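K.L.:
Pasting upload22.cif here (mmCIF, C-alpha atoms and all ligand atoms):
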data_coords
#
loop_
_atom_site.label_atom_id
_atom_site.label_comp_id
_atom_site.auth_asym_id
_atom_site.auth_seq_id
_atom_site.Cartn_x
_atom_site.Cartn_y
_atom_site.Cartn_z
CA MET A 5 12.52 18.45 7.84
CA THR A 6 16.04 17.58 6.78
CA SER A 7 17.19 13.98 6.80
CA PHE A 8 19.76 15.11 9.36
CA LEU A 9 16.99 15.99 11.80
CA PHE A 10 15.27 12.66 11.32
CA ASP A 11 18.46 10.59 11.39
CA ARG A 12 19.91 12.24 14.50
CA LEU A 13 16.90 13.29 16.53
CA ILE A 14 13.40 12.37 15.55
CA GLY A 15 14.01 8.83 14.29
CA PRO A 16 16.00 7.66 17.33
CA GLY A 17 13.52 9.43 19.61
CA LEU A 18 10.55 7.67 18.05
CA ARG A 19 12.36 4.33 18.21
CA LEU A 20 12.65 4.68 21.99
CA LEU A 21 8.87 4.48 22.14
CA ASP A 22 6.68 1.44 21.74
CA PRO A 23 6.04 1.15 17.95
CA GLU A 24 2.32 1.78 18.19
CA ALA A 25 2.79 4.81 20.46
CA ALA A 26 5.41 6.16 18.04
CA HIS A 27 2.97 5.72 15.18
CA GLY A 28 0.22 7.55 17.06
CA LEU A 29 2.58 10.43 17.79
CA THR A 30 3.65 10.57 14.14
CA LEU A 31 0.01 10.75 13.00
CA ARG A 32 -0.69 13.58 15.45
CA ALA A 33 2.38 15.51 14.31
CA LEU A 34 1.40 15.06 10.67
CA ALA A 35 -2.18 16.15 11.32
CA ALA A 36 -0.86 19.23 13.15
CA GLY A 37 1.10 20.26 10.08
CA LEU A 38 4.52 19.42 11.51
CA ALA A 39 5.54 17.54 8.39
CA PRO A 40 8.17 18.32 5.81
CA ARG A 41 6.98 19.24 2.32
CA ALA A 42 8.45 18.19 -0.98
CA THR A 43 9.26 21.34 -2.89
CA ASP A 44 10.80 19.99 -6.10
CA PRO A 45 8.40 19.14 -8.90
CA ASP A 46 8.44 15.48 -9.85
CA ASP A 47 10.73 14.46 -12.71
CA PRO A 48 8.48 13.98 -15.79
CA VAL A 49 10.06 10.56 -16.43
CA LEU A 50 8.24 9.35 -13.30
CA ALA A 51 4.74 10.23 -14.55
CA MET A 52 2.31 7.35 -14.97
CA GLN A 53 -1.20 7.33 -16.44
CA LEU A 54 -3.44 4.55 -15.22
CA TRP A 55 -7.19 4.05 -15.09
CA GLY A 56 -7.67 7.53 -16.58
CA ARG A 57 -5.78 9.06 -13.67
CA ASP A 58 -2.49 10.95 -13.67
CA PHE A 59 0.11 9.86 -11.15
CA ALA A 60 2.89 12.48 -10.92
CA ASN A 61 5.15 9.72 -9.61
CA PRO A 62 4.63 6.00 -8.97
CA VAL A 63 5.70 5.92 -5.31
CA GLY A 64 2.75 5.40 -2.98
CA LEU A 65 2.14 4.98 0.74
CA SER A 66 0.74 1.50 1.33
CA ALA A 67 -2.26 0.64 3.47
CA GLY A 68 -1.96 0.46 7.25
CA PHE A 69 -0.10 3.74 7.86
CA ASP A 70 -3.22 5.90 7.57
CA LYS A 71 -5.88 3.36 8.49
CA ASP A 72 -8.55 5.95 9.30
CA ALA A 73 -7.96 8.50 6.52
CA GLN A 74 -6.52 11.17 8.80
CA VAL A 75 -3.33 12.35 7.10
CA MET A 76 -3.78 12.09 3.32
CA ALA A 77 -2.79 15.68 2.56
CA PRO A 78 0.43 15.76 4.62
CA MET A 79 1.55 12.40 3.22
CA LEU A 80 0.93 13.59 -0.34
CA ALA A 81 2.77 16.82 0.46
CA LEU A 82 5.73 14.71 1.55
CA GLY A 83 6.08 13.68 -2.08
CA PHE A 84 4.12 10.44 -2.42
CA GLY A 85 2.34 10.15 -5.76
CA PHE A 86 -0.62 8.51 -4.04
CA VAL A 87 -1.69 7.22 -0.66
CA GLU A 88 -3.83 4.20 0.14
CA VAL A 89 -5.90 4.63 3.29
CA GLY A 90 -7.34 1.73 5.31
CA SER A 91 -7.98 -1.06 5.82
CA ILE A 92 -11.40 0.31 6.78
CA THR A 93 -13.93 -2.09 8.30
CA PRO A 94 -17.69 -1.38 8.17
CA ARG A 95 -18.08 -1.13 11.95
CA PRO A 96 -15.43 0.30 14.29
CA GLN A 97 -13.35 -2.40 16.01
CA ALA A 98 -10.39 -2.41 18.39
CA GLY A 99 -8.25 -5.11 16.78
CA ASN A 100 -6.03 -7.54 18.69
CA PRO A 101 -4.66 -7.00 22.22
CA LYS A 102 -1.49 -4.90 22.54
CA PRO A 103 1.44 -5.15 22.07
CA ARG A 104 0.81 -6.01 18.43
CA ILE A 105 3.55 -4.21 16.45
CA PHE A 106 7.19 -5.31 16.81
CA ARG A 107 10.32 -3.81 15.29
CA LEU A 108 13.12 -6.03 14.00
CA PRO A 109 15.74 -3.30 13.45
CA GLU A 110 18.55 -5.77 12.64
CA ASP A 111 16.43 -6.97 9.71
CA SER A 112 14.92 -3.60 8.68
CA ALA A 113 11.60 -5.35 9.27
CA VAL A 114 8.41 -5.21 11.32
CA ILE A 115 5.96 -7.86 12.51
CA ASN A 116 2.38 -6.74 13.11
CA ARG A 117 -0.76 -8.48 14.23
CA LEU A 118 -3.02 -5.43 14.52
CA GLY A 119 -6.08 -7.29 13.26
CA PHE A 120 -7.80 -4.40 11.46
CA ASN A 121 -8.09 -1.84 14.22
CA SER A 122 -10.40 0.61 12.51
CA GLY A 123 -12.50 3.65 13.31
CA GLY A 124 -15.11 2.22 10.95
CA LEU A 125 -16.83 3.30 7.78
CA GLU A 126 -18.91 6.20 9.00
CA ALA A 127 -15.99 8.15 10.46
CA ALA A 128 -13.84 7.50 7.38
CA VAL A 129 -16.60 8.65 5.02
CA GLU A 130 -16.87 11.95 6.91
CA ARG A 131 -13.13 12.57 6.79
CA LEU A 132 -12.81 11.63 3.15
CA LYS A 133 -15.75 13.88 2.28
CA SER A 134 -14.17 16.90 3.92
CA TYR A 135 -10.85 16.08 2.27
CA ARG A 136 -12.49 15.95 -1.16
CA ALA A 137 -14.47 19.13 -0.48
CA ALA A 138 -11.49 21.20 0.69
CA PRO A 139 -8.88 21.33 -2.06
CA ALA A 140 -7.51 24.60 -0.72
CA THR A 141 -6.38 23.02 2.53
CA GLY A 142 -5.90 19.50 1.28
CA ARG A 143 -4.84 18.24 -2.06
CA ALA A 144 -3.81 21.63 -3.40
CA THR A 145 -0.74 21.41 -1.21
CA GLY A 146 0.77 19.41 -4.02
CA ARG A 147 -0.22 21.96 -6.62
CA ALA A 148 1.62 24.73 -4.81
CA THR A 149 4.83 22.82 -5.33
CA GLY A 150 4.16 22.29 -9.00
CA ARG A 151 3.36 18.60 -8.58
CA ALA A 152 0.16 17.15 -9.91
CA THR A 153 -2.52 16.48 -7.33
CA GLY A 154 -1.93 13.23 -5.47
CA LEU A 155 -4.43 10.45 -5.55
CA VAL A 156 -6.15 8.57 -2.74
CA GLY A 157 -6.94 4.86 -2.90
CA ILE A 158 -9.16 3.24 -0.29
CA ASN A 159 -8.48 -0.24 1.10
CA LEU A 160 -11.44 -2.27 2.39
CA GLY A 161 -11.42 -4.81 5.21
CA LYS A 162 -14.02 -6.89 7.04
CA ASN A 163 -15.06 -6.98 10.68
CA ARG A 164 -13.63 -9.89 12.64
CA ASP A 165 -17.04 -11.05 13.91
CA SER A 166 -18.84 -10.64 10.61
CA VAL A 167 -20.30 -13.86 9.16
CA ASP A 168 -20.86 -12.43 5.67
CA ALA A 169 -17.41 -11.38 4.47
CA ALA A 170 -18.56 -10.48 0.96
CA GLY A 171 -21.33 -8.38 2.51
CA ASP A 172 -18.75 -6.36 4.48
CA TYR A 173 -16.68 -5.63 1.37
CA ALA A 174 -19.81 -4.70 -0.58
CA THR A 175 -20.92 -2.32 2.20
CA GLY A 176 -17.52 -0.64 2.22
CA ALA A 177 -17.31 -0.44 -1.56
CA ALA A 178 -20.76 1.11 -1.97
CA ALA A 179 -20.09 3.81 0.65
CA LEU A 180 -16.53 4.64 -0.34
CA ALA A 181 -16.60 4.33 -4.15
CA PRO A 182 -17.58 7.99 -4.71
CA LEU A 183 -14.62 9.10 -2.57
CA ALA A 184 -11.93 6.83 -4.01
CA ASP A 185 -9.47 7.18 -6.88
CA TYR A 186 -9.31 3.40 -6.62
CA LEU A 187 -10.68 0.76 -4.26
CA VAL A 188 -8.83 -2.29 -2.91
CA VAL A 189 -10.42 -5.48 -1.67
CA ASN A 190 -7.93 -6.70 0.92
CA VAL A 191 -8.20 -10.45 1.40
CA SER A 192 -4.60 -10.93 2.42
CA SER A 193 -4.03 -9.66 5.97
CA PRO A 194 -2.83 -12.57 8.10
CA ASN A 195 -4.40 -11.29 11.31
CA THR A 196 -8.12 -11.83 10.71
CA PRO A 197 -9.12 -15.50 10.95
CA GLY A 198 -10.37 -16.95 7.66
CA LEU A 199 -9.58 -13.82 5.65
CA ARG A 200 -6.95 -15.27 3.35
CA ALA A 201 -9.21 -18.20 2.47
CA LEU A 202 -11.17 -15.62 0.46
CA GLN A 203 -8.33 -15.80 -2.08
CA GLY A 204 -9.56 -19.27 -3.15
CA ARG A 205 -11.18 -19.51 -6.57
CA GLY A 206 -14.86 -19.95 -5.65
CA GLU A 207 -14.80 -17.54 -2.71
CA LEU A 208 -13.03 -14.91 -4.78
CA GLU A 209 -15.45 -15.16 -7.71
CA ASP A 210 -18.38 -14.74 -5.36
CA LEU A 211 -16.74 -11.91 -3.43
CA LEU A 212 -15.67 -9.88 -6.47
CA GLY A 213 -19.05 -10.42 -8.14
CA ARG A 214 -20.89 -9.07 -5.11
CA VAL A 215 -18.60 -6.04 -4.79
CA MET A 216 -18.79 -5.22 -8.51
CA ALA A 217 -22.58 -5.42 -8.35
CA VAL A 218 -22.86 -2.58 -5.81
CA LEU A 219 -20.40 -0.16 -7.41
CA PRO A 220 -22.12 3.04 -8.53
CA ALA A 221 -21.49 4.44 -12.01
CA PRO A 222 -18.97 5.79 -12.76
CA ALA A 223 -17.15 3.20 -10.68
CA PRO A 224 -13.58 3.70 -9.52
CA PRO A 225 -11.13 0.95 -10.50
CA LEU A 226 -11.39 -2.07 -8.20
CA LEU A 227 -8.16 -3.80 -7.19
CA LEU A 228 -7.41 -6.96 -5.22
CA LYS A 229 -4.63 -7.12 -2.61
CA ILE A 230 -3.02 -10.53 -2.28
CA ALA A 231 -0.68 -12.34 0.11
CA PRO A 232 2.86 -13.44 -0.70
CA ASP A 233 2.18 -16.89 0.76
CA LEU A 234 0.43 -18.50 -2.22
CA THR A 235 0.85 -21.75 -4.11
CA GLU A 236 1.28 -21.83 -7.89
CA GLU A 237 -2.33 -22.98 -8.18
CA ASP A 238 -3.55 -20.10 -5.99
CA LYS A 239 -1.76 -17.60 -8.23
CA GLN A 240 -3.19 -19.15 -11.41
CA ASP A 241 -6.69 -19.02 -9.94
CA ILE A 242 -6.30 -15.41 -8.80
CA ALA A 243 -5.04 -14.31 -12.22
CA ALA A 244 -7.88 -16.11 -14.01
CA VAL A 245 -10.60 -14.82 -11.67
CA CYS A 246 -9.31 -11.22 -11.77
CA LEU A 247 -9.20 -11.19 -15.57
CA ALA A 248 -12.67 -12.75 -15.86
CA ALA A 249 -14.26 -10.50 -13.21
CA GLY A 250 -12.99 -7.27 -14.71
CA VAL A 251 -10.77 -6.36 -11.76
CA ALA A 252 -8.67 -3.29 -12.65
CA GLY A 253 -5.44 -4.36 -10.98
CA ILE A 254 -3.69 -6.34 -8.26
CA VAL A 255 -1.71 -5.11 -5.25
CA ALA A 256 1.12 -7.58 -4.60
CA THR A 257 1.74 -8.10 -1.76
CA ASN A 258 0.65 -7.92 1.85
CA THR A 259 2.85 -9.08 4.77
CA THR A 260 4.05 -12.69 5.04
CA ILE A 261 3.41 -15.34 7.67
CA ALA A 262 6.72 -16.96 6.66
CA ARG A 263 9.88 -16.32 8.66
CA PRO A 264 12.73 -16.40 6.14
CA ASP A 265 16.04 -17.90 7.29
CA GLY A 266 18.53 -15.47 8.70
CA LEU A 267 16.18 -13.17 10.64
CA ARG A 268 18.10 -11.70 13.57
CA GLY A 269 15.57 -9.51 15.38
CA ALA A 270 14.59 -10.76 18.82
CA ALA A 271 10.92 -10.34 17.90
CA LYS A 272 11.11 -12.82 15.02
CA THR A 273 9.08 -15.40 16.94
CA GLU A 274 6.11 -13.06 17.41
CA GLY A 275 2.97 -14.07 15.49
CA GLY A 276 1.68 -11.85 12.70
CA GLY A 277 2.71 -10.55 9.31
CA LEU A 278 6.32 -9.75 8.51
CA SER A 279 7.09 -6.67 6.37
CA GLY A 280 10.20 -4.82 5.23
CA LYS A 281 13.46 -6.06 3.70
CA PRO A 282 13.01 -9.82 4.35
CA LEU A 283 9.73 -9.66 2.38
CA PHE A 284 11.26 -8.14 -0.74
CA ALA A 285 12.26 -11.33 -2.59
CA ALA A 286 9.03 -13.26 -1.95
CA SER A 287 6.72 -10.35 -2.78
CA THR A 288 8.65 -9.50 -5.94
CA ALA A 289 8.45 -13.13 -7.06
CA VAL A 290 4.66 -13.12 -6.61
CA LEU A 291 4.42 -9.83 -8.48
CA SER A 292 6.46 -11.25 -11.35
CA ASP A 293 4.33 -14.42 -11.43
CA LEU A 294 1.14 -12.37 -11.59
CA TYR A 295 2.52 -10.26 -14.45
CA ARG A 296 3.32 -13.45 -16.36
CA LEU A 297 -0.01 -15.13 -15.53
CA THR A 298 -2.04 -12.07 -16.57
CA GLU A 299 0.21 -11.54 -19.63
CA GLY A 300 0.82 -7.95 -18.58
CA ARG A 301 -2.87 -7.13 -19.12
CA LEU A 302 -3.59 -5.98 -15.54
CA PRO A 303 -1.80 -3.04 -13.91
CA LEU A 304 0.02 -4.25 -10.80
CA ILE A 305 1.05 -2.33 -7.69
CA GLY A 306 4.30 -3.75 -6.31
CA VAL A 307 4.73 -3.57 -2.53
CA GLY A 308 6.91 -5.41 -0.04
CA GLY A 309 10.35 -4.48 1.22
CA ILE A 310 11.04 -1.42 -0.92
CA ALA A 311 13.73 0.70 0.76
CA SER A 312 15.53 2.35 -2.19
CA GLY A 313 15.12 3.53 -5.76
CA ALA A 314 16.83 0.34 -6.89
CA ASP A 315 14.20 -1.74 -5.07
CA ALA A 316 11.39 0.25 -6.68
CA TYR A 317 13.01 -0.18 -10.09
CA ARG A 318 13.24 -3.96 -9.60
CA LYS A 319 9.51 -4.13 -8.86
CA ILE A 320 8.77 -2.06 -11.97
CA ARG A 321 10.92 -4.28 -14.18
CA ALA A 322 9.20 -7.32 -12.62
CA GLY A 323 5.81 -5.92 -13.69
CA ALA A 324 4.68 -3.13 -11.35
CA SER A 325 3.13 0.01 -12.84
CA LEU A 326 3.10 1.63 -9.38
CA VAL A 327 4.89 0.82 -6.13
CA GLN A 328 4.13 1.31 -2.45
CA LEU A 329 5.99 1.13 0.82
CA TYR A 330 5.46 1.41 4.54
CA THR A 331 8.12 -0.32 6.69
CA ALA A 332 11.17 1.46 5.23
CA LEU A 333 9.57 4.78 6.18
CA ILE A 334 9.76 3.72 9.84
CA TYR A 335 13.52 3.22 9.61
CA GLN A 336 14.53 5.89 7.09
CA GLY A 337 12.04 8.68 7.71
CA PRO A 338 10.36 11.07 5.31
CA ALA A 339 13.48 11.92 3.25
CA LEU A 340 13.20 8.40 1.82
CA VAL A 341 10.45 9.43 -0.60
CA ALA A 342 12.52 12.05 -2.42
CA ARG A 343 15.53 9.73 -2.42
CA ILE A 344 13.61 6.88 -4.05
CA LYS A 345 12.19 9.19 -6.72
CA ARG A 346 15.62 10.65 -7.50
CA GLU A 347 17.28 7.22 -7.74
CA LEU A 348 14.45 5.74 -9.78
CA ALA A 349 14.54 8.56 -12.34
CA ARG A 350 18.28 8.07 -12.73
CA LEU A 351 18.01 4.28 -13.10
CA LEU A 352 15.31 4.63 -15.77
CA ARG A 353 17.40 7.07 -17.79
CA ASP A 354 20.60 5.03 -17.35
CA ASP A 355 18.83 2.08 -18.95
CA GLY A 356 17.56 4.23 -21.82
CA PHE A 357 13.89 4.44 -20.77
CA ASP A 358 12.30 7.81 -21.50
CA SER A 359 9.13 6.91 -19.63
CA LEU A 360 8.22 4.77 -16.66
CA SER A 361 5.62 2.80 -18.60
CA ALA A 362 8.29 1.60 -21.05
CA ALA A 363 10.11 -0.10 -18.16
CA VAL A 364 7.08 -1.90 -16.70
CA GLY A 365 7.67 -5.65 -17.02
CA ALA A 366 10.98 -5.15 -18.85
CA ASP A 367 12.51 -8.25 -17.22
CA HIS A 368 9.91 -10.45 -18.87
CA ARG A 369 10.74 -9.15 -22.32
CA TYR A 370 14.51 -9.28 -22.09
CA SER A 371 14.79 -12.61 -20.30
CA GLY A 372 12.94 -14.21 -23.21
C1 LIG B 1 1.87 -1.85 10.97
C2 LIG B 1 1.32 -2.30 9.65
C3 LIG B 1 -0.05 -2.26 9.42
C4 LIG B 1 -0.57 -2.67 8.19
N1 LIG B 1 -1.93 -2.60 7.98
C5 LIG B 1 -2.43 -2.94 6.76
C6 LIG B 1 -3.82 -2.81 6.48
O1 LIG B 1 -4.61 -2.37 7.30
N2 LIG B 1 -4.27 -3.21 5.25
C7 LIG B 1 -3.42 -3.70 4.29
O2 LIG B 1 -3.87 -4.02 3.19
N3 LIG B 1 -2.09 -3.79 4.52
C8 LIG B 1 -1.58 -3.44 5.71
N4 LIG B 1 -0.24 -3.54 5.94
C9 LIG B 1 0.64 -4.11 4.88
C10 LIG B 1 1.31 -3.02 4.04
O3 LIG B 1 0.37 -2.24 3.36
C11 LIG B 1 2.28 -3.66 3.01
O4 LIG B 1 1.54 -4.46 2.12
C12 LIG B 1 3.36 -4.51 3.68
O5 LIG B 1 3.77 -3.94 4.91
C13 LIG B 1 4.58 -4.68 2.79
O6 LIG B 1 5.19 -3.44 2.48
P1 LIG B 1 6.48 -2.87 3.28
O7 LIG B 1 7.48 -3.99 3.32
O8 LIG B 1 6.95 -1.70 2.48
O9 LIG B 1 6.00 -2.49 4.62
C14 LIG B 1 0.30 -3.14 7.17
C15 LIG B 1 1.68 -3.17 7.41
C16 LIG B 1 2.21 -2.76 8.63
C17 LIG B 1 3.69 -2.81 8.85
#
Just give me the structure as structure tokens.
Ligand SMILES: Cc1cc2nc3c(=O)[nH]c(=O)nc-3n(C[C@H](O)[C@H](O)[C@H](O)COP(=O)(O)O)c2cc1C
P.N.:
Amino acid sequence: MTSFLFDRLIGPGLRLLDPEAAHGLTLRALAAGLAPRATDPDDPVLAMQLWGRDFANPVGLSAGFDKDAQVMAPMLALGFGFVEVGSITPRPQAGNPKPRIFRLPEDSAVINRLGFNSGGLEAAVERLKSYRAAPATGRATGRATGRATGLVGINLGKNRDSVDAAGDYATGAAALAPLADYLVVNVSSPNTPGLRALQGRGELEDLLGRVMAVLPAPAPPLLLKIAPDLTEEDKQDIAAVCLAAGVAGIVATNTTIARPDGLRGAAKTEGGGLSGKPLFAASTAVLSDLYRLTEGRLPLIGVGGIASGADAYRKIRAGASLVQLYTALIYQGPALVARIKRELARLLRDDGFDSLSAAVGADHRYSG
């Protein structure tokens, strides 16, 4: 699909629909093979090796787009270096009452209060198994274009009515570990009561300990996804606990419950998590803090408000080894992925970096 088609026809058409209906239609179109495919091989300067895995490029699809692991192959074929499916809860659940996704087009932002609508673990396991078993129809799509095979991370959530949160994450981790290139414990969605309290020191130690204990060998890397709405003490605790527990990385960040000054969208008073452009500054600050607090020893995935190659580059210089996005895709369409990769490669070379890894955390080194 050309960007012309999306800009003039498909994008405006989808935006006439309720956001959740538009998303459902997009998923069906993707699953039916009606998606554009990236044909250019990724620029070698974008390659990243992490956790013994090869990322052909660092631009990933963040959790929430493909909650039920239905469209991994088409999203990888679009040019993403990796996709993160989920959040997946152990049992299926409907989530909050609709409407629960709101566009703020004036702000290039979205507010959502989905509340982990999920088809549940069993259905996701089946789909991920067939995806892993069928390289000819799935992941090989990337190979045909000369790109390395894309990777699939799996993001874990908990059921709203569950009393044992750690038990839910452990159940998900045990079942999904064999199918994941990496796992994410998501304790940062604002739409499940009590969830973000799991980011506190004691709760987090207990939670990560219980999840680690059930991981089969060889275990995939286990990451933690955090909120942008954290105090300095919260961030220090998270960094210390992650380093001590042997967590492989941190995804920073989820959506924010804050409403930054200057929002113009009529939906700004809706409850839920805000994503997109107005989240960029806060999420990048948290990312940078975590890089400093972990002394660059933990790979970080930077997410929140990325809408251009320059945004991705700023996250990388702040400490991200990989980046992810979701909201900008709603406004800019699939051509965004190629554009970000092209701009990022140019920015790296302009600054004299011959590899992506050399640029990770660069701001911390040059600012003294
Ligand atoms: C509609 C919607 C649903 C989301 N669902 C999830 C989810 O299930 N799990 C999760 O960890 N993050 C979820 N997120 C958060 C995104 O993964 C991401 O962290 C956040 O939107 C910031 O990135 P962005 O500004 O590029 O959208 C969701 C975001 C949106 C907009």
K.L.:
Using all atoms listed in the file, which residues have at least one atom no more than 8 Å from ligand LIG 1 (chain B)? Output them as a count of residues only.
P.N.:
49
K.L.:
State, in Å with one decimal place, the distance from atom CA of A:Phe106 to atom CA of A:Thr273.
P.N.:
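Separating atom CA of A:Phe106 from atom CA of A:Thr273 is a distance of 10.3 Å.
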K.L.:
So, counting all atoms listed in the file, which residue among A:Leu302, A:Ala181, A:Leu31, A:Leu20 is closest to A:Ile254?
P.N.:
A:Leu302
K.L.:
Between A:Ala339, A:Pro109, A:Pro62, A:Gly323, which residue has the minimum interatomic distance to A:Ala39, considering only C-alpha atoms?
P.N.:
A:Ala339
K.L.:
Report the distance between atom CA of A:Asp58 and atom CA of A:Leu348 in Å, rounded to one decimal place.
P.N.:
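Separation of atom CA of A:Asp58 and atom CA of A:Leu348: 18.1 Å.
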K.L.:
Could you give me, as a ChimeraX atom specification, the residues that sit within 12 Å of (-16.0, -8.7, 14.5) in the file's coordinates, counting all atoms listed in the file?
P.N.:
/A:93-100,119-122,124,161-169,172,196-197
K.L.:
Quick check, in Å to one decimal: how far apart do atom CA of A:Arg296 and atom CA of A:His368 lie?
P.N.:
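Atom CA of A:His368 lies 7.7 Å from atom CA of A:Arg296.
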K.L.:
Using all atoms listed in the file, pick whichever of A:Ala201, A:Met216, A:Leu340, A:Ala184 has the shortest atom-to-atom distance to A:Gly83.
P.N.:
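Closest to A:Gly83 of all the choices is A:Leu340.
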K.L.:
Counting all atoms listed in the file, which of A:Ile230, A:Ala73, A:Leu208, A:Leu155 gets nearest to A:Ser134?
P.N.:
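Answer, going by the shortest atom-to-atom distance: A:Ala73.
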K.L.:
Neighbours of stretch 234-249 of chain A within 7 Å (only C-alpha atoms; same-chain residues fewer than 3 positions away dropped), as a list in words?
P.N.:
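Once the adjacent positions are removed, what remains is Gly204, Arg205, Glu209, Leu212, Gly213, Ala231, Leu294, Leu297 and Thr298 of chain A.
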K.L.:
Taking all atoms listed in the file into account, which of A:Arg350, A:Arg32, A:Lys102, A:Arg41 comes nearest A:Gln74?
P.N.:
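Comparing A:Arg350, A:Arg32, A:Lys102, A:Arg41 against A:Gln74, the winner is A:Arg32.
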K.L.:
Name the closest residue to A:Trp55 among the candidates A:Ala262, A:Ile320, A:Leu187, A:Leu82; distances are taken between atoms, counting all atoms listed in the file.
P.N.:
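So, comparing all the options, the nearest one is A:Leu187.
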K.L.:
Could you work out an axis-aligned bounding box for all listed atoms of stretch 245-248 of chain A, with 5 Å added on each of the six sides, and give its centre and edge lengths in Å to one decimal, as JSON?
P.N.:
{"center_x": -10.9, "center_y": -13.0, "center_z": -13.8, "size_x": 13.5, "size_y": 13.6, "size_z": 14.2}
K.L.:
Dump as a list of chain:residue names all residues having an atom at most 8 Å from (-9.6, 3.1, -12.5), computed in the file's coordinates with all atoms listed in the file.
P.N.:
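The distance filter leaves exactly A:Leu54, A:Trp55, A:Gly56, A:Arg57, A:Asp185, A:Tyr186, A:Ala223, A:Pro224, A:Pro225, A:Leu226, A:Ala252.
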K.L.:
For A:Pro194, list every protein, DNA or RNA residue within 7 Å, evaluated using all atoms listed in the file, and leave out those in the same chain fewer than 3 positions away; present the list as a VMD selection string.
P.N.:
chain A and resid 200 261 276 to 277
K.L.:
Determine, counting all atoms listed in the file, which protein, DNA and RNA residues have an atom within 6 Å of an atom of stretch 263-271 of chain A; residues of the same chain fewer than 2 positions away are not included. Present the result as a list in words.
P.N.:
Leu108, Glu110, Thr273 and Glu274 of chain A
K.L.:
Write out as a list in words which residues come within 8 Å of A:Leu304 when counting all atoms listed in the file, dropping same-chain ones fewer than 6 positions away.
P.N.:
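Selected residues are Gly253, Ile254, Val255, Ala256, Leu291, Tyr295, Gly323, Ala324, Ser325 and Leu326 of chain A.
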